[in-house]
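Undergrad: Have a peek at run_1.txt (compact mmCIF, C-alpha atoms).
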```txt
# COMPACT_ATOMS: atom_id res chain seq x y z
CA PRO A 1258 -5.28 -30.58 18.55
CA ALA A 1259 -5.14 -26.81 18.29
CA SER A 1260 -7.70 -26.77 15.46
CA VAL A 1261 -9.97 -29.14 17.41
CA THR A 1262 -9.74 -26.89 20.46
CA SER A 1263 -10.53 -23.79 18.41
CA ARG A 1264 -13.55 -25.48 16.83
CA SER A 1265 -14.82 -26.60 20.22
CA ARG A 1266 -14.43 -23.08 21.62
CA LEU A 1267 -16.18 -21.65 18.59
CA GLY A 1268 -19.07 -24.09 19.07
CA GLU A 1269 -19.35 -23.23 22.74
CA ARG A 1270 -19.46 -19.53 21.92
CA ARG A 1271 -22.20 -20.02 19.32
CA MET A 1272 -24.22 -22.11 21.76
CA ALA A 1273 -23.82 -19.39 24.36
CA ASP A 1274 -25.02 -16.79 21.84
CA VAL A 1275 -28.08 -18.91 21.04
CA GLY A 1276 -28.82 -19.49 24.72
CA SER A 1277 -28.50 -15.82 25.56
CA SER A 1278 -30.79 -14.81 22.67
CA SER A 1279 -33.68 -16.98 23.89
CA SER A 1280 -35.90 -15.92 26.80
CA ALA A 1281 -35.06 -17.49 30.15
CA ALA A 1282 -37.71 -19.65 31.81
CA PRO A 1283 -39.36 -18.11 34.88
CA GLY A 1284 -38.55 -19.70 38.20
CA GLY A 1285 -40.84 -21.90 40.28
CA LEU A 1286 -42.05 -24.11 37.40
CA SER A 1287 -42.64 -27.84 37.63
CA ALA A 1288 -41.09 -30.29 35.19
CA LYS A 1289 -44.22 -30.38 32.99
CA GLN A 1290 -44.55 -26.60 33.01
CA GLN A 1291 -40.87 -26.28 32.14
CA LYS A 1292 -41.32 -28.67 29.20
CA LEU A 1293 -44.40 -26.76 28.04
CA PHE A 1294 -42.51 -23.50 28.25
CA GLU A 1295 -39.68 -24.89 26.09
CA LEU A 1296 -42.19 -26.19 23.50
CA ARG A 1297 -43.83 -22.78 23.32
CA MET A 1298 -40.45 -21.11 22.83
CA ARG A 1299 -39.68 -23.54 20.00
CA MET A 1300 -43.05 -22.81 18.40
CA ASN A 1301 -42.36 -19.09 18.60
CA GLU A 1302 -38.92 -19.58 17.08
CA GLY A 1303 -40.39 -21.69 14.27
CA ARG A 1304 -43.12 -19.10 13.63
CA LYS A 1305 -40.46 -16.39 13.44
CA MET A 1306 -38.35 -18.39 10.99
CA ASN A 1307 -41.41 -19.14 8.83
CA HIS A 1308 -42.27 -15.44 8.72
CA GLN A 1309 -38.72 -14.58 7.69
CA GLU A 1310 -38.77 -17.22 4.96
CA VAL A 1311 -42.13 -15.97 3.62
CA ALA A 1312 -40.80 -12.40 3.52
CA ALA A 1313 -37.65 -13.60 1.74
CA GLU A 1314 -39.75 -15.52 -0.80
CA LYS A 1315 -41.82 -12.41 -1.45
CA ARG A 1316 -38.66 -10.36 -2.01
CA ARG A 1317 -37.27 -13.03 -4.36
CA SER A 1318 -40.45 -13.01 -6.47
CA ALA A 1319 -40.62 -9.21 -6.56
CA ASP A 1320 -36.92 -8.53 -7.19
CA PRO A 1321 -34.91 -11.69 -7.99
CA ALA A 1322 -31.69 -9.84 -8.78
CA GLY A 1323 -31.85 -7.71 -5.65
CA GLU A 1324 -32.65 -10.67 -3.43
CA ALA A 1325 -29.79 -12.70 -4.91
CA LYS A 1326 -27.45 -9.80 -4.22
CA ARG A 1327 -28.78 -9.51 -0.67
CA GLN A 1328 -28.34 -13.21 -0.01
CA LYS A 1329 -24.79 -13.03 -1.36
CA GLU A 1330 -24.01 -10.13 0.97
CA LEU A 1331 -25.47 -11.99 3.95
CA SER A 1332 -23.43 -15.07 3.06
CA GLU A 1333 -20.26 -12.99 2.82
CA GLN A 1334 -21.03 -11.33 6.16
CA LYS A 1335 -21.51 -14.70 7.83
CA LYS A 1336 -18.28 -15.95 6.26
CA GLU A 1337 -16.39 -12.87 7.49
CA LYS A 1338 -17.87 -13.29 10.96
CA ARG A 1339 -16.82 -16.95 11.12
CA LYS A 1340 -13.36 -16.02 9.86
CA ALA A 1341 -13.02 -13.26 12.49
CA GLU A 1342 -14.16 -15.63 15.26
CA LYS A 1343 -11.68 -18.25 14.12
CA GLU A 1344 -8.83 -15.72 14.01
CA GLU A 1345 -9.78 -14.47 17.47
CA MET A 1346 -9.71 -18.02 18.81
CA GLU A 1347 -6.31 -18.66 17.21
CA GLU A 1348 -4.94 -15.41 18.67
CA GLU A 1349 -6.20 -16.41 22.13
CA GLU A 1350 -4.56 -19.82 21.81
CA GLU A 1351 -1.28 -18.27 20.63
CA GLU A 1352 -1.37 -15.79 23.50
CA ASP A 1353 -2.04 -18.64 25.97
CA ASP A 1354 0.93 -20.55 24.56
CA ARG A 1355 3.17 -17.50 24.83
CA ASN A 1356 2.05 -16.70 28.36
CA ALA A 1357 2.77 -20.27 29.44
CA HIS A 1358 6.50 -19.69 28.85
CA VAL A 1359 6.76 -16.06 30.04
CA THR A 1360 8.28 -15.19 33.39
CA LEU A 1361 6.97 -12.47 35.70
CA GLU A 1362 9.81 -10.09 34.79
CA GLN A 1363 9.19 -10.56 31.08
CA ALA A 1364 5.44 -10.01 31.55
CA ASN A 1365 6.10 -6.75 33.42
CA GLY A 1366 8.43 -5.61 30.67
CA ILE A 1367 5.82 -6.36 28.00
CA GLU A 1368 3.15 -4.44 29.91
CA LYS A 1369 5.46 -1.45 30.32
CA LYS A 1370 6.19 -1.44 26.57
CA LYS A 1371 2.48 -1.59 25.80
CA ALA A 1372 1.75 1.27 28.18
CA LYS A 1373 4.57 3.37 26.69
CA LYS A 1374 3.37 2.65 23.15
CA GLU A 1375 -0.20 3.58 24.07
CA LYS A 1376 1.01 6.76 25.76
CA ASN A 1377 3.09 7.87 22.77
CA LYS A 1378 0.53 6.78 20.18
CA ALA A 1379 0.30 9.24 17.31
CA ALA A 1380 -2.98 11.07 16.85
CA CYS A 1381 -4.91 10.76 13.60
CA GLY A 1382 -7.73 12.59 11.91
CA TRP A 1383 -9.17 15.60 13.70
CA ASP A 1384 -7.58 14.50 16.98
CA ILE A 1385 -4.32 16.17 15.95
CA PHE A 1386 -5.94 19.59 16.50
CA ASN A 1387 -7.36 19.12 20.00
CA GLN A 1388 -5.69 20.49 23.12
CA ASP A 1389 -4.75 17.09 24.49
CA SER A 1390 -2.75 16.20 21.38
CA LEU A 1391 -1.03 19.59 21.38
CA HIS A 1392 -0.12 19.15 25.04
CA LYS A 1393 1.30 15.67 24.35
CA ALA A 1394 3.36 17.06 21.47
CA HIS A 1395 4.67 19.83 23.75
CA LYS A 1396 5.66 17.30 26.44
CA LYS A 1397 7.32 15.14 23.80
CA ARG A 1398 9.44 18.07 22.68
CA LEU A 1399 10.37 18.87 26.28
CA ALA A 1400 11.47 15.28 26.90
CA GLY A 1401 14.85 16.02 25.31
CA MET A 1402 15.31 19.33 27.13
CA LYS A 1403 16.94 19.20 30.57
CA VAL A 1404 15.77 21.79 33.11
CA ASP A 1405 18.31 23.09 35.62
CA VAL A 1406 16.09 23.85 38.61
CA GLU A 1407 18.94 25.08 40.82
CA ALA A 1408 20.13 27.62 38.23
CA TYR A 1409 16.54 28.81 37.78
CA LYS A 1410 16.10 29.36 41.51
CA ALA A 1411 19.42 31.21 41.74
CA GLN A 1412 18.54 33.59 38.90
CA LYS A 1413 15.07 34.09 40.38
CA ALA A 1414 16.56 35.07 43.74
CA GLU A 1415 19.04 37.37 42.03
CA GLN A 1416 16.38 39.31 40.11
CA GLY A 1417 14.05 39.65 43.08
CA ASP A 1418 10.78 41.46 42.32
CA ASP A 1419 11.75 41.98 38.68
CA VAL A 1420 10.89 38.34 37.97
CA TYR A 1421 7.15 39.17 37.91
CA ARG A 1422 7.44 42.75 36.64
CA ASP A 1423 4.64 44.34 34.64
CA ALA A 1424 4.52 46.96 31.90
CA ASN A 1425 4.84 49.80 34.46
CA SER A 1426 8.15 48.53 35.77
CA LEU A 1427 11.17 50.79 35.23
CA ALA A 1428 13.20 47.71 34.30
CA PHE A 1429 10.91 46.91 31.38
CA GLY A 1430 12.88 46.33 28.18
CA GLN A 1431 16.19 45.94 29.93
CA ALA A 1432 18.32 42.84 29.94
CA GLY A 1433 16.70 40.44 32.38
CA PHE A 1434 17.09 36.70 32.31
CA GLN A 1435 20.08 35.62 30.22
CA PRO A 1436 20.17 31.91 29.35
CA SER A 1437 23.51 30.18 29.15
CA GLN A 1438 25.12 29.43 25.81
CA GLU A 1439 24.60 25.73 26.42
CA LYS A 1440 20.84 26.20 26.77
CA VAL A 1441 20.70 28.32 23.62
CA GLU A 1442 22.56 25.68 21.63
CA SER A 1443 20.25 22.99 23.02
CA MET A 1444 17.20 24.96 21.87
CA VAL A 1445 18.68 25.55 18.42
CA THR A 1446 19.48 21.83 18.09
CA GLU A 1447 15.91 20.90 19.02
CA LEU A 1448 14.47 23.34 16.47
CA LEU A 1449 16.75 22.04 13.73
CA ASP A 1450 15.79 18.44 14.54
CA LYS A 1451 12.10 19.33 14.39
CA GLN A 1452 12.58 21.08 11.06
CA GLU A 1453 14.43 18.06 9.67
CA LYS A 1454 11.63 15.72 10.78
CA ARG A 1455 9.06 18.04 9.22
CA ASN A 1456 10.95 18.03 5.92
CA LYS A 1457 11.16 14.23 5.90
CA PHE A 1458 7.47 13.81 6.71
CA SER A 1459 5.23 13.40 3.69
CA ARG A 1460 1.65 12.29 3.14
CA ARG A 1461 2.23 11.54 -0.53
CA ARG A 1462 0.37 8.42 -1.57
CA GLY A 1463 2.35 5.60 -3.12
CA GLU A 1464 2.12 4.99 -6.82
CA ASN A 1465 0.52 1.79 -8.08
CA GLU A 1466 2.76 0.29 -10.74
CA ASP A 1467 -0.17 -1.65 -12.26
CA ASP A 1468 -2.04 1.55 -13.12
CA GLY A 1469 -1.48 2.91 -16.59
CA VAL A 1470 0.20 6.29 -17.04
CA ASP A 1471 -2.26 8.63 -18.75
CA TYR A 1472 -0.96 11.95 -17.47
CA ILE A 1473 1.96 14.31 -18.07
CA ASN A 1474 2.23 15.91 -14.60
CA ASP A 1475 0.58 15.85 -11.16
CA ARG A 1476 -2.00 18.48 -12.05
CA ASN A 1477 -3.04 16.55 -15.15
CA LYS A 1478 -3.12 13.35 -13.09
CA HIS A 1479 -5.65 14.78 -10.62
CA PHE A 1480 -7.71 16.24 -13.45
CA ASN A 1481 -7.86 12.83 -15.17
CA LYS A 1482 -9.00 11.22 -11.92
CA LYS A 1483 -11.87 13.71 -11.62
CA ILE A 1484 -12.88 13.08 -15.24
CA GLU A 1485 -12.72 9.32 -14.64
CA ARG A 1486 -14.99 9.55 -11.59
CA ALA A 1487 -17.54 11.64 -13.48
CA PHE A 1488 -17.58 10.02 -16.93
CA GLY A 1489 -15.59 6.78 -16.63
CA GLU A 1490 -18.73 4.66 -16.52
CA TYR A 1491 -19.96 6.07 -19.85
CA THR A 1492 -16.62 6.13 -21.73
CA LYS A 1493 -15.33 2.70 -20.74
CA VAL A 1494 -15.99 1.15 -24.18
CA ILE A 1495 -14.52 4.09 -26.09
CA LYS A 1496 -11.40 4.09 -23.92
CA SER A 1497 -10.84 0.35 -24.35
CA ASN A 1498 -11.25 0.68 -28.13
CA LEU A 1499 -8.72 3.51 -28.24
CA GLU A 1500 -6.24 1.47 -26.19
CA ARG A 1501 -6.64 -1.54 -28.52
CA GLY A 1502 -6.52 0.65 -31.61
CA THR A 1503 -9.89 -0.57 -32.86
CA ALA A 1504 -11.82 2.66 -32.47
CA LEU A 1505 -13.87 3.77 -35.48
```
Please express what this file holds, its structure, as structure tokens.
TA:
Amino acid sequence: PASVTSRSRLGERRMADVGSSSSAAPGGLSAKQQKLFELRMRMNEGRKMNHQEVAAEKRRSADPAGEAKRQKELSEQKKEKRKAEKEEMEEEEEEDDRNAHVTLEQANGIEKKKAKKEKNKAACGWDIFNQDSLHKAHKKRLAGMKVDVEAYKAQKAEQGDDVYRDANSLAFGQAGFQPSQEKVESMVTELLDKQEKRNKFSRRRGENEDDGVDYINDRNKHFNKKIERAFGEYTKVIKSNLERGTAL
């Protein structure tokens, strides 16, 4: 039943796409005028399809290999599109089935988790350098630091005007705000944790066990990759002969 439902939904969507692509009939037409309008639209559609087929036949006669490749690509694109539509339909059905057995409290919890995940989503590409990403990273680091507002206000009242002193102040360079030992230890712990995470983080690409080892170190490995990109197409036969031991 689920597959039948998905196929019916897929058919309805395709029919809707076809209906939306055709021009809508103007209003105020009689039944005969409406029928004539539909016949004209069908004639136009047939003329368009005939023109496309003639152009395709011309391409096939001029470049058979290229046209065969193009038709294969179009077929693969259509297949991928149908596959994506089918997967989308199946996901919608699965989501409908899940939502049918979810309570209001569970739904709210799921939405909160999604919002939190979207909020803390890691940046990628050039987005890691913009100001918004830097601000998010700063807030993320401050999430584990507790601010004592009362102690801050007390120290601010104690220092008076020296809180906003400038370079001309006589108290410049003297001992001003002194954080507590607990705050210093908290800052040191946060810095050590960040350094540990940075040391664990690595962008090293995984090794493919199926690839042959033709290098002696990382530098030689990258050099061989560059050589392969530049001359691999022309030395494929020689390389295979050397690997088989049949080279002349």
Undergrad: Calculate, to one decimal in Å, the centre and edge lengths of the box along x, y and z of the file that holds all listed atoms of range 1395-1399 of chain A with 4 Å of margin on each side, and present them as AutoDock Vina command-line options.
TA:
```
--center_x 7.5 --center_y 17.5 --center_z 24.6 --size_x 13.7 --size_y 12.7 --size_z 11.8
```
Undergrad: So how far away is CA of Pro1436 in chain A from CA of Arg1422 in chain A, in Å?
TA: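 CA of Arg1422 in chain A sits 18.2 Å away from CA of Pro1436 in chain A.
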Undergrad: Please measure the separation of CA of Lys1343 in chain A and CA of Met1306 in chain A, giving the value in Å to one decimal.
TA: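 Between CA of Lys1343 in chain A and CA of Met1306 in chain A the gap is 26.9 Å.
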Undergrad: Report, in Å to a single decimal, how far apart CA of Arg1476 in chain A and CA of Lys1496 in chain A are.
TA: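 Spanning CA of Lys1496 in chain A to CA of Arg1476 in chain A is a straight-line distance of 20.9 Å.
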Undergrad: For Asp1471 in chain A, work out the shell of residues within 10 Å, counting all atoms listed in the file and skipping chain neighbours fewer than 5 positions away, then give it as number ranges by chain.
TA: A: 1477-1478, 1481-1482
Undergrad: Please identify all polymer residues within 12 Å of Lys1376 in chain A, counting only C-alpha atoms, omitting same-chain residues fewer than 3 positions from it, and present them as a PyMOL selection string.
TA: chain A and resi 1369-1373+1379-1380+1389-1390+1393-1394+1396-1397
Undergrad: Show me, as CSV, the residues of range 1337-1402 of chain A having an atom within 12 Å of range 1438-1461 of chain A, each with the closest atom pair and its distance in Å, using only C-alpha atoms.
TA:
```
residue,atom,partner,partner_atom,distance
A:Ala1394,CA,A:Lys1451,CA,11.5
A:His1395,CA,A:Lys1451,CA,12.0
A:Lys1397,CA,A:Lys1451,CA,11.4
A:Arg1398,CA,A:Glu1447,CA,8.0
A:Leu1399,CA,A:Glu1447,CA,9.4
A:Ala1400,CA,A:Glu1447,CA,10.6
A:Gly1401,CA,A:Glu1447,CA,8.0
A:Met1402,CA,A:Ser1443,CA,7.4
```
